[in-house]
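S.K.: Just dropping this structure here.
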Amino acid sequence: MTEKEYNKCVDLYADSLFRFIVKNLEHSEDARDVVQNAFEILWKHCDDVPSEKAKSYLFTVAYHNMIDHVRKVKRISLVDEFKDDAKISDQRVHNAKQVLESAMTRLSDVQRSLVMLKDYEGYSYEEIGEIMHLSPSQVKVYLHRARTHLKEYLGKMDNVI
């Protein structure tokens, strides 16, 4: 990868990479650090990474840096099962964005990342599998479970809106 191709990667992928990381970390300064570190690693390995694989490489590196960051600061706790009292289906909420963000925080790191990559960023199952080192069938299963958890938490849309 040449310097020109690297600069093009920065222009093309910096915003979407930042959105992906900040949605998971929910702290913009930490997200900036993770994204900057990913681009730094890409720069160090630009001779080894072909330009057509740069996007996948960046998201993979950023994802792993984000997981390492989370482990260091222990900011995010994993939640495997939802409790009945955590459901909001009996409550009237007028801010759907807040409700959705609250639901997303209840997912595990892997589930949240899968939902973000598929539903927010529009990656294919194969691309997500490359980024997260999962098979496409694992991606589908984990994504289905994440969506099921979200559906259970959110209840009926009538209760959310």
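Labels used: A, B, ... for chains in the order of the structure tokens, numbers from 1 for residues in each chain, and numbers from 1 for ligands as shown.
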Can you pull out the residues contacting region 52-56 of chain A? Cut-off 8 Å, using only C-alpha atoms, and skip same-chain residues under 3 positions away; I want them as a ChimeraX atom specification.
M.R.: /A:9,13,42,49,59-60,127,130-131
S.K.: Quick one: residues within 9 Å of Val34 (chain A), only C-alpha atoms counted, chain neighbours fewer than 5 positions away excluded, as a PDB file with N, CA, C and O atoms, in the first residue's frame?
M.R.:
ATOM      1  N   PHE A  18     -14.820   5.186  13.406  1.00  0.00           N
ATOM      2  CA  PHE A  18     -15.060   5.912  14.658  1.00  0.00           C
ATOM      3  C   PHE A  18     -16.484   5.662  15.155  1.00  0.00           C
ATOM      4  O   PHE A  18     -16.701   5.425  16.343  1.00  0.00           O
ATOM      5  N   ILE A  21     -16.726   2.197  16.735  1.00  0.00           N
ATOM      6  CA  ILE A  21     -16.051   2.087  18.034  1.00  0.00           C
ATOM      7  C   ILE A  21     -16.764   2.913  19.099  1.00  0.00           C
ATOM      8  O   ILE A  21     -16.960   2.455  20.221  1.00  0.00           O
ATOM      9  N   GLU A  29     -13.496   9.952  23.601  1.00  0.00           N
ATOM     10  CA  GLU A  29     -12.034  10.065  23.685  1.00  0.00           C
ATOM     11  C   GLU A  29     -11.370   8.692  23.580  1.00  0.00           C
ATOM     12  O   GLU A  29     -10.353   8.541  22.901  1.00  0.00           O
ATOM     13  N   PHE A  39      -5.231   3.025  12.850  1.00  0.00           N
ATOM     14  CA  PHE A  39      -4.581   3.618  11.677  1.00  0.00           C
ATOM     15  C   PHE A  39      -3.062   3.596  11.821  1.00  0.00           C
ATOM     16  O   PHE A  39      -2.349   3.437  10.830  1.00  0.00           O
ATOM     17  N   ALA A  62      -9.152  -2.477  14.911  1.00  0.00           N
ATOM     18  CA  ALA A  62      -9.881  -1.600  15.830  1.00  0.00           C
ATOM     19  C   ALA A  62     -10.757  -2.410  16.782  1.00  0.00           C
ATOM     20  O   ALA A  62     -10.844  -2.100  17.980  1.00  0.00           O
ATOM     21  N   TYR A  63     -11.404  -3.437  16.263  1.00  0.00           N
ATOM     22  CA  TYR A  63     -12.246  -4.278  17.107  1.00  0.00           C
ATOM     23  C   TYR A  63     -11.412  -4.918  18.214  1.00  0.00           C
ATOM     24  O   TYR A  63     -11.788  -4.890  19.388  1.00  0.00           O
ATOM     25  N   ASN A  65      -8.480  -3.926  19.364  1.00  0.00           N
ATOM     26  CA  ASN A  65      -8.001  -2.877  20.267  1.00  0.00           C
ATOM     27  C   ASN A  65      -9.099  -2.443  21.225  1.00  0.00           C
ATOM     28  O   ASN A  65      -8.841  -2.164  22.400  1.00  0.00           O
ATOM     29  N   MET A  66     -10.328  -2.368  20.722  1.00  0.00           N
ATOM     30  CA  MET A  66     -11.457  -1.986  21.565  1.00  0.00           C
ATOM     31  C   MET A  66     -11.672  -3.035  22.665  1.00  0.00           C
ATOM     32  O   MET A  66     -11.861  -2.682  23.826  1.00  0.00           O
ATOM     33  N   HIS A  69      -9.015  -2.645  25.195  1.00  0.00           N
ATOM     34  CA  HIS A  69      -9.266  -1.445  26.000  1.00  0.00           C
ATOM     35  C   HIS A  69     -10.341  -1.721  27.050  1.00  0.00           C
ATOM     36  O   HIS A  69     -10.196  -1.337  28.211  1.00  0.00           O
TER      37      HIS A  69
END
S.K.: I'd like the interatomic distance between CA of His64 (chain A) and CA of Leu17 (chain A), to a tenth of an Å.
M.R.: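 A separation of 12.7 Å between them.
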S.K.: Name the residues of chain A that come out as helix (DSSP H, G or I) in a backbone DSSP run; write them as a ChimeraX atom specification.
M.R.: /A:3-25,28-44,51-73,84-86,96-105,109-120,125-132,136-154,157-160
S.K.: As an exercise, work out the distance from CA of Leu25 (chain A) to CA of His144 (chain A) in Å and give it to one decimal place.
M.R.: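 One can read the CA of Leu25 (chain A) to CA of His144 (chain A) distance as 22.0 Å.
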S.K.: Tell me which of A:Asp47, A:Glu101, A:Asp68, A:Glu152 sits closest to Glu3 (chain A), counting only C-alpha atoms.
M.R.: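 The closest residue to Glu3 (chain A) is A:Asp47.
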S.K.: What's around Glu121 (chain A) at 9 Å? Count only C-alpha atoms, leave out sequence neighbours fewer than 6 positions away in its own chain, and write the answer as a list in words.
M.R.: Ser16, Arg19, Phe20 and Val115 of chain A
S.K.: How about saving the chosen residues, N, CA, C and O atoms kept, as a short mmCIF file (atom, residue, chain, number, x, y, z; two decimals), in the first residue's frame?
M.R.:
data_model
loop_
_atom_site.label_atom_id
_atom_site.label_comp_id
_atom_site.auth_asym_id
_atom_site.auth_seq_id
_atom_site.Cartn_x
_atom_site.Cartn_y
_atom_site.Cartn_z
N SER A 16 -16.59 5.98 9.58
CA SER A 16 -17.37 4.77 9.89
C SER A 16 -16.69 3.95 10.98
O SER A 16 -17.36 3.37 11.84
N ARG A 19 -17.47 5.71 14.24
CA ARG A 19 -18.87 5.46 14.64
C ARG A 19 -19.02 4.08 15.26
O ARG A 19 -19.69 3.90 16.27
N PHE A 20 -18.40 3.09 14.63
CA PHE A 20 -18.48 1.73 15.13
C PHE A 20 -17.88 1.62 16.54
O PHE A 20 -18.49 1.04 17.44
N VAL A 115 -24.26 -6.56 15.87
CA VAL A 115 -25.40 -5.72 15.49
C VAL A 115 -24.90 -4.43 14.84
O VAL A 115 -25.43 -3.98 13.83
#
S.K.: Record the distance separating CA of Lys140 (chain A) and CA of Met104 (chain A), expressed in Å with one decimal.
M.R.: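 Answer for the CA of Lys140 (chain A) to CA of Met104 (chain A) separation: 17.6 Å.
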